[in-house]
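Data block for structure_22.pdb (PDB, C-alpha atoms):
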```pdb
MODEL        1
ATOM      1  CA  MET C   1      17.212 -24.239 -24.101
ATOM      2  CA  SER C   2      14.298 -23.215 -26.262
ATOM      3  CA  ASN C   3      15.997 -19.908 -26.961
ATOM      4  CA  ASN C   4      19.047 -21.680 -28.341
ATOM      5  CA  ILE C   5      16.960 -23.845 -30.619
ATOM      6  CA  ILE C   6      15.123 -20.861 -32.003
ATOM      7  CA  LYS C   7      18.401 -19.092 -32.633
ATOM      8  CA  GLN C   8      19.778 -21.926 -34.710
ATOM      9  CA  GLU C   9      16.734 -21.995 -36.929
ATOM     10  CA  THR C  10      16.167 -18.302 -37.482
ATOM     11  CA  PRO C  11      18.577 -15.716 -38.841
ATOM     12  CA  PRO C  12      20.455 -13.815 -36.133
ATOM     13  CA  GLN C  13      18.668 -10.792 -34.788
ATOM     14  CA  PRO C  14      21.101  -8.080 -33.741
ATOM     15  CA  PRO C  15      19.010  -6.360 -31.032
ATOM     16  CA  GLU C  16      18.305  -9.607 -29.242
ATOM     17  CA  SER C  17      21.905 -10.739 -29.326
ATOM     18  CA  ILE C  18      23.003  -7.415 -27.846
ATOM     19  CA  ASP C  19      20.410  -7.815 -25.115
ATOM     20  CA  ASN C  20      21.551 -11.331 -24.328
ATOM     21  CA  LYS C  21      25.152 -10.258 -24.223
ATOM     22  CA  SER C  22      24.381  -7.501 -21.761
ATOM     23  CA  VAL C  23      22.446  -9.952 -19.622
ATOM     24  CA  ALA C  24      25.408 -12.309 -19.519
ATOM     25  CA  ASP C  25      28.022  -9.625 -18.988
ATOM     26  CA  MET C  26      26.324  -7.151 -16.765
ATOM     27  CA  GLY C  27      23.033  -8.628 -15.675
ATOM     28  CA  ASN C  28      21.453  -5.711 -17.455
ATOM     29  CA  ASN C  29      18.462  -6.290 -19.657
ATOM     30  CA  GLY C  30      16.449  -3.448 -21.094
ATOM     31  CA  LEU C  31      12.819  -3.315 -20.027
ATOM     32  CA  THR C  32      11.156  -3.468 -23.390
ATOM     33  CA  ALA C  33       8.729  -6.352 -23.385
ATOM     34  CA  THR C  34       6.530  -5.281 -20.459
ATOM     35  CA  ARG C  35       2.888  -5.069 -21.360
ATOM     36  CA  ASP C  36       1.283  -2.041 -19.874
ATOM     37  CA  SER C  37      -2.000  -2.075 -18.035
ATOM     38  CA  ASN C  38      -4.413   0.855 -18.049
ATOM     39  CA  ILE C  39      -5.230  -0.012 -14.446
ATOM     40  CA  HIS C  40      -2.487   0.437 -11.916
ATOM     41  CA  CYS C  41      -2.534  -1.120  -8.489
ATOM     42  CA  LEU C  42      -1.297   0.466  -5.279
ATOM     43  CA  THR C  43      -0.772  -1.988  -2.450
ATOM     44  CA  ILE C  44      -0.698  -0.464   1.014
ATOM     45  CA  ILE C  45       0.673  -3.092   3.379
ATOM     46  CA  GLY C  46       1.988  -3.329   6.903
ATOM     47  CA  GLN C  47       2.665  -0.101   8.767
ATOM     48  CA  ILE C  48       2.292   3.219   7.026
ATOM     49  CA  GLU C  49       5.656   4.813   7.574
ATOM     50  CA  GLY C  50       5.839   8.579   7.825
ATOM     51  CA  HIS C  51       8.193  10.971   9.533
ATOM     52  CA  ILE C  52       9.756   8.338  11.767
ATOM     53  CA  VAL C  53      11.743   5.493  10.218
ATOM     54  CA  LEU C  54      10.496   2.306  11.817
ATOM     55  CA  PRO C  55      12.796  -0.534  12.916
ATOM     56  CA  PRO C  56      13.365  -3.166  10.203
ATOM     57  CA  GLN C  57      11.115  -5.817  11.771
ATOM     58  CA  ASN C  58       8.144  -3.761  10.569
ATOM     59  CA  LYS C  59       6.828  -4.240   7.062
ATOM     60  CA  THR C  60       6.057  -0.766   5.859
ATOM     61  CA  THR C  61       4.593   1.320   3.097
ATOM     62  CA  LYS C  62       6.588   4.520   2.922
ATOM     63  CA  TYR C  63       4.992   7.819   1.999
ATOM     64  CA  GLU C  64       8.038   9.010   0.072
ATOM     65  CA  HIS C  65       7.469   6.081  -2.310
ATOM     66  CA  VAL C  66       3.718   6.282  -2.600
ATOM     67  CA  ILE C  67       3.261  10.044  -3.064
ATOM     68  CA  PRO C  68       5.404  10.167  -6.254
ATOM     69  CA  GLN C  69       3.638   7.025  -7.510
ATOM     70  CA  LEU C  70       0.295   8.782  -7.119
ATOM     71  CA  VAL C  71       1.625  11.812  -8.988
ATOM     72  CA  ALA C  72       2.834   9.476 -11.740
ATOM     73  CA  VAL C  73      -0.585   7.821 -11.950
ATOM     74  CA  GLU C  74      -2.242  11.223 -12.242
ATOM     75  CA  GLU C  75       0.193  12.380 -14.918
ATOM     76  CA  SER C  76       0.465   9.178 -16.936
ATOM     77  CA  ARG C  77      -1.342   9.015 -20.262
ATOM     78  CA  GLU C  78      -1.621   5.243 -20.171
ATOM     79  CA  VAL C  79      -3.020   4.818 -16.662
ATOM     80  CA  GLU C  80      -6.775   5.313 -16.583
ATOM     81  CA  GLY C  81      -7.687   4.018 -13.144
ATOM     82  CA  LEU C  82      -6.162   3.068  -9.804
ATOM     83  CA  LEU C  83      -6.977   0.084  -7.631
ATOM     84  CA  VAL C  84      -5.883   0.560  -4.019
ATOM     85  CA  VAL C  85      -5.415  -2.736  -2.198
ATOM     86  CA  LEU C  86      -5.215  -2.459   1.568
ATOM     87  CA  ASN C  87      -3.897  -4.840   4.154
ATOM     88  CA  THR C  88      -2.575  -2.534   6.799
ATOM     89  CA  VAL C  89      -2.355  -2.332  10.579
ATOM     90  CA  GLY C  90      -2.287   1.448  10.576
ATOM     91  CA  GLY C  91       0.633   3.776  11.073
ATOM     92  CA  ASP C  92       1.608   7.420  10.952
ATOM     93  CA  VAL C  93      -1.366   9.789  11.128
ATOM     94  CA  GLU C  94       0.129  12.514   8.953
ATOM     95  CA  ALA C  95       1.408  10.097   6.321
ATOM     96  CA  GLY C  96      -1.864   8.176   6.224
ATOM     97  CA  LEU C  97      -3.928  11.319   5.858
ATOM     98  CA  ALA C  98      -1.522  12.681   3.239
ATOM     99  CA  LEU C  99      -1.913   9.540   1.139
ATOM    100  CA  ALA C 100      -5.676   9.510   1.661
ATOM    101  CA  GLU C 101      -5.938  13.119   0.493
ATOM    102  CA  MET C 102      -3.742  12.348  -2.529
ATOM    103  CA  ILE C 103      -5.972   9.421  -3.502
ATOM    104  CA  ALA C 104      -9.163  11.397  -2.869
ATOM    105  CA  THR C 105      -8.021  14.262  -5.093
ATOM    106  CA  LEU C 106      -6.829  12.150  -8.049
ATOM    107  CA  SER C 107      -8.832  13.068 -11.134
ATOM    108  CA  LYS C 108      -8.762   9.455 -12.354
ATOM    109  CA  PRO C 109     -11.231   6.828 -11.105
ATOM    110  CA  THR C 110     -10.120   4.993  -7.961
ATOM    111  CA  VAL C 111     -11.462   1.892  -6.238
ATOM    112  CA  SER C 112     -10.234   0.415  -2.959
ATOM    113  CA  LEU C 113     -10.307  -3.165  -1.766
ATOM    114  CA  VAL C 114      -9.790  -4.057   1.890
ATOM    115  CA  LEU C 115      -8.268  -7.510   2.349
ATOM    116  CA  GLY C 116      -7.269  -9.003   5.662
ATOM    117  CA  GLY C 117      -7.316  -5.786   7.622
ATOM    118  CA  GLY C 118      -7.689  -2.079   7.134
ATOM    119  CA  HIS C 119      -7.187  -0.841  10.670
ATOM    120  CA  SER C 120      -6.734   2.542  12.333
ATOM    121  CA  ILE C 121      -5.264   4.949   9.772
ATOM    122  CA  GLY C 122      -6.139   2.341   7.113
ATOM    123  CA  VAL C 123      -9.792   3.387   7.502
ATOM    124  CA  PRO C 124      -9.414   6.860   5.912
ATOM    125  CA  LEU C 125      -7.302   5.251   3.184
ATOM    126  CA  ALA C 126     -10.044   2.707   2.460
ATOM    127  CA  VAL C 127     -12.727   5.371   2.091
ATOM    128  CA  SER C 128     -10.580   7.869   0.155
ATOM    129  CA  THR C 129     -11.356   6.251  -3.194
ATOM    130  CA  ASP C 130     -14.412   6.862  -5.392
ATOM    131  CA  TYR C 131     -15.795   3.451  -4.457
ATOM    132  CA  SER C 132     -14.749   0.950  -1.793
ATOM    133  CA  PHE C 133     -14.960  -2.805  -1.401
ATOM    134  CA  ILE C 134     -14.239  -5.133   1.487
ATOM    135  CA  VAL C 135     -13.978  -8.915   1.382
ATOM    136  CA  PRO C 136     -16.268 -10.710   3.868
ATOM    137  CA  SER C 137     -13.354 -11.924   6.003
ATOM    138  CA  ALA C 138     -11.544  -8.577   6.293
ATOM    139  CA  THR C 139     -11.678  -6.506   9.460
ATOM    140  CA  MET C 140     -11.421  -2.822  10.228
ATOM    141  CA  THR C 141     -10.608  -1.624  13.735
ATOM    142  CA  ILE C 142     -11.771   1.807  14.824
ATOM    143  CA  HIS C 143     -10.193   2.929  18.077
ATOM    144  CA  PRO C 144      -8.851   6.077  19.765
ATOM    145  CA  ILE C 145      -5.342   7.376  19.128
ATOM    146  CA  ARG C 146      -2.732   6.422  21.680
ATOM    147  CA  MET C 147       0.529   8.101  22.444
ATOM    148  CA  SER C 148       3.798   6.781  23.780
ATOM    149  CA  GLY C 149       6.507   8.587  25.670
ATOM    150  CA  MET C 150       6.103  11.404  28.149
ATOM    151  CA  ILE C 151       2.762  13.128  28.125
ATOM    152  CA  ILE C 152       2.077  16.294  30.100
ATOM    153  CA  GLY C 153      -0.987  15.820  32.263
ATOM    154  CA  VAL C 154      -2.832  18.975  31.341
ATOM    155  CA  PRO C 155      -6.225  19.510  29.664
ATOM    156  CA  GLN C 156      -4.399  20.748  26.536
ATOM    157  CA  THR C 157      -3.029  17.228  25.981
ATOM    158  CA  TYR C 158      -6.549  15.901  25.837
ATOM    159  CA  GLU C 159      -7.550  18.720  23.493
ATOM    160  CA  TYR C 160      -4.637  17.924  21.197
ATOM    161  CA  PHE C 161      -5.637  14.260  21.079
ATOM    162  CA  ASN C 162      -9.178  15.271  20.297
ATOM    163  CA  LYS C 163      -8.039  17.508  17.451
ATOM    164  CA  MET C 164      -5.924  14.747  15.902
ATOM    165  CA  GLN C 165      -8.808  12.337  16.215
ATOM    166  CA  ASP C 166     -11.277  14.788  14.701
ATOM    167  CA  ARG C 167      -9.048  15.264  11.655
ATOM    168  CA  ILE C 168      -9.244  11.546  11.003
ATOM    169  CA  LEU C 169     -12.945  11.167  11.794
ATOM    170  CA  GLN C 170     -13.854  14.184   9.670
ATOM    171  CA  PHE C 171     -11.995  12.774   6.677
ATOM    172  CA  ILE C 172     -13.718   9.406   7.056
ATOM    173  CA  CYS C 173     -17.169  11.042   7.269
ATOM    174  CA  ASP C 174     -16.496  13.303   4.287
ATOM    175  CA  HIS C 175     -15.573  10.344   2.097
ATOM    176  CA  SER C 176     -18.038   7.663   3.213
ATOM    177  CA  HIS C 177     -21.688   7.361   4.244
ATOM    178  CA  ILE C 178     -21.127   6.902   7.956
ATOM    179  CA  THR C 179     -22.138   9.683  10.372
ATOM    180  CA  ILE C 180     -19.646  11.219  12.775
ATOM    181  CA  ASP C 181     -21.807  10.230  15.755
ATOM    182  CA  LYS C 182     -21.853   6.587  14.697
ATOM    183  CA  LEU C 183     -18.113   6.664  14.092
ATOM    184  CA  LYS C 184     -17.438   8.169  17.536
ATOM    185  CA  GLU C 185     -19.706   5.564  19.089
ATOM    186  CA  TYR C 186     -17.665   2.791  17.441
ATOM    187  CA  MET C 187     -14.411   4.408  18.468
ATOM    188  CA  LEU C 188     -15.325   4.707  22.140
ATOM    189  CA  LYS C 189     -17.193   1.430  22.517
ATOM    190  CA  THR C 190     -16.235  -0.773  25.424
ATOM    191  CA  GLY C 191     -16.437  -4.536  25.618
ATOM    192  CA  GLU C 192     -15.443  -5.206  22.012
ATOM    193  CA  LEU C 193     -11.659  -5.188  22.196
ATOM    194  CA  ALA C 194      -9.695  -6.961  24.893
ATOM    195  CA  ASN C 195      -8.058  -4.390  27.200
ATOM    196  CA  ASP C 196      -9.025  -1.507  24.989
ATOM    197  CA  ILE C 197     -11.898   0.543  23.705
ATOM    198  CA  GLY C 198     -12.989   0.573  20.090
ATOM    199  CA  THR C 199     -14.788  -1.653  17.598
ATOM    200  CA  VAL C 200     -13.776  -4.330  15.128
ATOM    201  CA  LEU C 201     -15.964  -4.253  12.033
ATOM    202  CA  ILE C 202     -15.919  -7.504  10.087
ATOM    203  CA  GLY C 203     -16.675  -7.459   6.347
ATOM    204  CA  GLU C 204     -20.397  -6.947   6.084
ATOM    205  CA  GLU C 205     -20.617  -4.845   9.273
ATOM    206  CA  ALA C 206     -18.393  -2.242   7.608
ATOM    207  CA  THR C 207     -20.821  -1.968   4.689
ATOM    208  CA  ARG C 208     -23.942  -1.969   6.875
ATOM    209  CA  CYS C 209     -22.874   1.178   8.752
ATOM    210  CA  GLY C 210     -22.012   2.962   5.494
ATOM    211  CA  LEU C 211     -18.257   3.001   6.003
ATOM    212  CA  ILE C 212     -17.505   0.808   2.978
ATOM    213  CA  ASP C 213     -19.685   0.789  -0.145
ATOM    214  CA  GLU C 214     -19.900  -2.912  -0.984
ATOM    215  CA  ILE C 215     -18.821  -6.456  -0.198
ATOM    216  CA  GLY C 216     -16.662  -7.873  -2.952
ATOM    217  CA  GLY C 217     -13.311  -9.177  -4.095
ATOM    218  CA  VAL C 218     -10.830  -8.385  -6.808
ATOM    219  CA  SER C 219     -13.111  -9.119  -9.781
ATOM    220  CA  LYS C 220     -15.885  -6.863  -8.502
ATOM    221  CA  ALA C 221     -13.369  -4.117  -7.772
ATOM    222  CA  ILE C 222     -11.884  -4.290 -11.287
ATOM    223  CA  ILE C 223     -15.339  -4.372 -12.921
ATOM    224  CA  LYS C 224     -16.348  -1.287 -10.918
ATOM    225  CA  LEU C 225     -13.124   0.478 -11.826
ATOM    226  CA  LYS C 226     -13.633  -0.268 -15.537
ATOM    227  CA  GLN C 227     -17.189   1.018 -15.278
ATOM    228  CA  LEU C 228     -15.964   4.250 -13.665
ATOM    229  CA  ILE C 229     -13.310   4.595 -16.381
ATOM    230  CA  ASP C 230     -15.973   4.212 -19.094
ATOM    231  CA  GLU C 231     -18.215   6.760 -17.386
ATOM    232  CA  ARG C 232     -15.335   9.212 -17.213
ATOM    233  CA  LYS C 233     -14.565   8.727 -20.919
ATOM    234  CA  GLN C 234     -18.173   9.419 -21.859
ATOM    235  CA  ALA C 235     -18.414  12.502 -19.657
TER     236      ALA C 235
ATOM    237  CA  MET U   1       2.092  10.178  15.962
ATOM    238  CA  LEU U   2       1.161   6.595  15.209
ATOM    239  CA  TYR U   3      -2.408   5.350  14.853
ATOM    240  CA  THR U   4      -2.108   1.587  14.691
ATOM    241  CA  ILE U   5      -3.480  -1.568  16.271
ATOM    242  CA  ILE U   6       0.030  -2.894  16.842
ATOM    243  CA  PRO U   7       1.221  -1.963  20.351
ATOM    244  CA  LEU U   8       3.828   0.793  20.128
ATOM    245  CA  GLU U   9       6.337  -1.202  22.176
ATOM    246  CA  ILE U  10       6.271  -3.875  19.461
ATOM    247  CA  VAL U  11       6.537  -1.348  16.632
ATOM    248  CA  PHE U  12       9.619   0.239  18.194
ATOM    249  CA  LYS U  13      11.109  -2.932  19.621
ATOM    250  CA  GLY U  14      14.824  -3.150  18.970
ATOM    251  CA  THR U  15      16.175  -6.045  16.991
ATOM    252  CA  GLU U  16      18.979  -6.840  19.464
ATOM    253  CA  ASP U  17      16.974  -9.698  20.917
ATOM    254  CA  GLY U  18      16.268 -12.663  18.679
ATOM    255  CA  ALA U  19      16.965 -13.155  15.021
ATOM    256  CA  GLU U  20      18.927 -10.648  13.031
ATOM    257  CA  ILE U  21      16.808  -8.882  10.455
ATOM    258  CA  LYS U  22      18.697  -7.906   7.342
ATOM    259  CA  GLU U  23      18.423  -4.328   6.226
ATOM    260  CA  ARG U  24      16.471  -3.941   3.011
ATOM    261  CA  GLU U  25      17.771  -1.460   0.492
ATOM    262  CA  ILE U  26      15.818   0.436  -2.116
ATOM    263  CA  ILE U  27      17.460  -0.020  -5.498
ATOM    264  CA  ASN U  28      16.645   0.964  -9.040
ATOM    265  CA  TYR U  29      17.229  -1.856 -11.493
ATOM    266  CA  ASN U  30      16.525  -1.001 -15.128
ATOM    267  CA  GLY U  31      14.054   1.644 -14.112
ATOM    268  CA  VAL U  32      12.199  -0.667 -11.740
ATOM    269  CA  VAL U  33      12.361   0.448  -8.119
ATOM    270  CA  MET U  34      12.526  -2.439  -5.692
ATOM    271  CA  GLU U  35      13.402  -3.425  -2.165
ATOM    272  CA  ALA U  36      16.291  -5.859  -2.069
ATOM    273  CA  ILE U  37      18.754  -7.397   0.358
ATOM    274  CA  ARG U  38      22.449  -7.203  -0.438
ATOM    275  CA  GLN U  39      24.060 -10.627  -0.538
ATOM    276  CA  SER U  40      27.576 -11.362   0.674
ATOM    277  CA  ASP U  41      28.775 -11.488  -2.955
ATOM    278  CA  GLY U  42      27.501  -7.959  -3.626
ATOM    279  CA  ARG U  43      24.506  -9.046  -5.661
ATOM    280  CA  TYR U  44      20.961  -8.353  -4.554
ATOM    281  CA  ARG U  45      18.032 -10.615  -3.723
ATOM    282  CA  ILE U  46      14.685  -9.064  -4.602
ATOM    283  CA  GLU U  47      12.308  -8.695  -1.656
ATOM    284  CA  ARG U  48       9.506  -6.775  -3.328
ATOM    285  CA  LEU U  49       8.833  -4.313  -6.120
ATOM    286  CA  LEU U  50       7.733  -0.776  -5.440
ATOM    287  CA  SER U  51       5.592  -0.111  -8.466
ATOM    288  CA  THR U  52       1.933   0.395  -9.222
ATOM    289  CA  ASN U  53       2.265  -1.315 -12.610
ATOM    290  CA  PRO U  54       0.700  -4.761 -12.088
ATOM    291  CA  MET U  55       2.348  -6.214 -15.198
ATOM    292  CA  LEU U  56       5.825  -5.843 -13.700
ATOM    293  CA  TYR U  57       4.820  -8.381 -11.075
ATOM    294  CA  LEU U  58       4.291 -10.986 -13.815
ATOM    295  CA  ASP U  59       7.780 -10.480 -15.194
ATOM    296  CA  ALA U  60       9.836 -13.554 -14.338
ATOM    297  CA  ARG U  61      12.975 -11.450 -13.851
ATOM    298  CA  PHE U  62      11.435  -9.544 -10.950
ATOM    299  CA  GLN U  63      10.012 -12.387  -8.902
ATOM    300  CA  PRO U  64      10.778 -12.108  -5.188
ATOM    301  CA  GLY U  65      13.893 -14.112  -4.394
ATOM    302  CA  SER U  66      15.510 -13.546  -7.775
ATOM    303  CA  ILE U  67      19.156 -12.606  -7.632
ATOM    304  CA  ILE U  68      20.162  -9.570  -9.649
ATOM    305  CA  THR U  69      23.436  -7.822 -10.288
ATOM    306  CA  LEU U  70      23.594  -4.069 -10.150
ATOM    307  CA  VAL U  71      26.110  -2.558 -12.539
TER     308      VAL U  71
ENDMDL
END
```
Just give me the structure as structure tokens.
Amino acid sequence: MSNNIIKQETPPQPPESIDNKSVADMGNNGLTATRDSNIHCLTIIGQIEGHIVLPPQNKTTKYEHVIPQLVAVEESREVEGLLVVLNTVGGDVEAGLALAEMIATLSKPTVSLVLGGGHSIGVPLAVSTDYSFIVPSATMTIHPIRMSGMIIGVPQTYEYFNKMQDRILQFICDHSHITIDKLKEYMLKTGELANDIGTVLIGEEATRCGLIDEIGGVSKAIIKLKQLIDERKQA
Amino acid sequence: MLYTIIPLEIVFKGTEDGAEIKEREIINYNGVVMEAIRQSDGRYRIERLLSTNPMLYLDARFQPGSIITLV
């Protein structure tokens, strides 16, 4: 409606009329008017999907999408910082660690924000950034790895599990202020989870043990990111 | 190997029982990569965008639920 009125009053503008025609004919409108932000936002939601395609009832974040996005963020001239927003139940170990390593090795400032939940393999992702935030209501579950299917009952199986677990724990310790002993204690704690061992850290508890840097929401995260961007420019 | 709080039997549960879940496709529409569900008329309904650019999410054309036509 308003478009039509404007058109009658102003002289015809060729580019716009071409655009409108293509919208009507082909549903195709050129992406020209998008404002660009110097902060990009990566949302990691649901299951982290790696080598195995998960059934469609799972909401997933796929590594083949996220890895190129991270490369694009690193290469882009316009993007100066990355906000990683997490609400994940965990997922593939290799994919999660791959993404965490990608985020950790970005040269641009990165800040993470844990909302809702950042469980299991979401923990290394949350700590992979330069600075991390968690909202007071969010939870992070630290628990041992489980395996489905046939497992051979030999000591090597246990060793393999231990190695996989150590990869994750080592990454978390390297990128946060928690000690490996504390982390292992949380992981093997009994009486916290129903029918399972492990610990649920709620908001402030995650900051108190040094896993997450600070309690805060989106505004704090953006302010911190802008501060890191300014520091990087001055350096 | 999955490291998740969701029980593995739920993660890998088949969809035979209960409601049919429509397969989401990854499409590229004007340079914007998105997840969409193909409608019976061949057009697509946007489920979500796969982009780190936050401004794209403010664009009215790319709101979830919008129907788009791929050429």
Original post:
Could you write out as a count of residues only the residues that the ChimeraX specification (/C :<8) & /U matches in the shown file?
Top reply: 30
Take every atom of stretch 54-68 of chain U listed in the file, pad by 6 Å on each side, and give me the axis-aligned box centre and edge lengths in Å, one decimal, as AutoDock Vina command-line options.
```
--center_x 10.4 --center_y -9.4 --center_z -9.8 --size_x 31.5 --size_y 21.4 --size_z 22.8
```
**OP:** Could you expand the PyMOL selection byres ((chain C and resi 169) around 12) into the explicit residues it covers here, written as a ChimeraX atom specification?
**Re:** /C:93,97,120-121,123-125,127,142-145,162-168,170-176,178-187,211
**OP:** Run the PyMOL selection byres ((chain C and resi 136) around 8) on the file and write out the hits as an MDAnalysis selection string.
**Re:** chainID C and resid 134:135 137:138 202:204 215:216
**OP:** Within 6 Å of stretch 34-40 of chain U, counting all atoms listed in the file, which residues show up once you throw out same-chain ones fewer than 6 positions away? Write them as a list in words, please.
**Re:** Arg24, Glu25, Ile26, Ile27, Ile46, Glu47, Arg48, Leu49 and Leu50 of chain U
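In terms of minimum interatomic distance to C:Ile44, C:Gly117 ranks closest within C:Gly117, C:Gly217, C:Gly198, C:Pro109, counting only C-alpha atoms.
Taking atom CA of U:Pro64 as the reference point, atom CA of U:Tyr44 is found at 10.9 Å.
Coordinates place atom CA of C:Val111 at a distance of 18.6 Å from atom CA of C:Gln234.
Picture a line from atom CA of C:Lys59 to atom CA of C:Asn87; it runs 11.1 Å.
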Subject >> Nearest to U:Pro7, chosen from C:Leu188, C:Glu75, C:Asp196, C:Gln156, with only C-alpha atoms counted in the distances >> reply: C:Asp196
Original post:
Of the candidates C:Leu201, C:Leu193, C:Ala104, C:Ile67, which shows the shortest atom-to-atom distance to C:Gly116, using only C-alpha atoms?
Top reply: C:Leu201
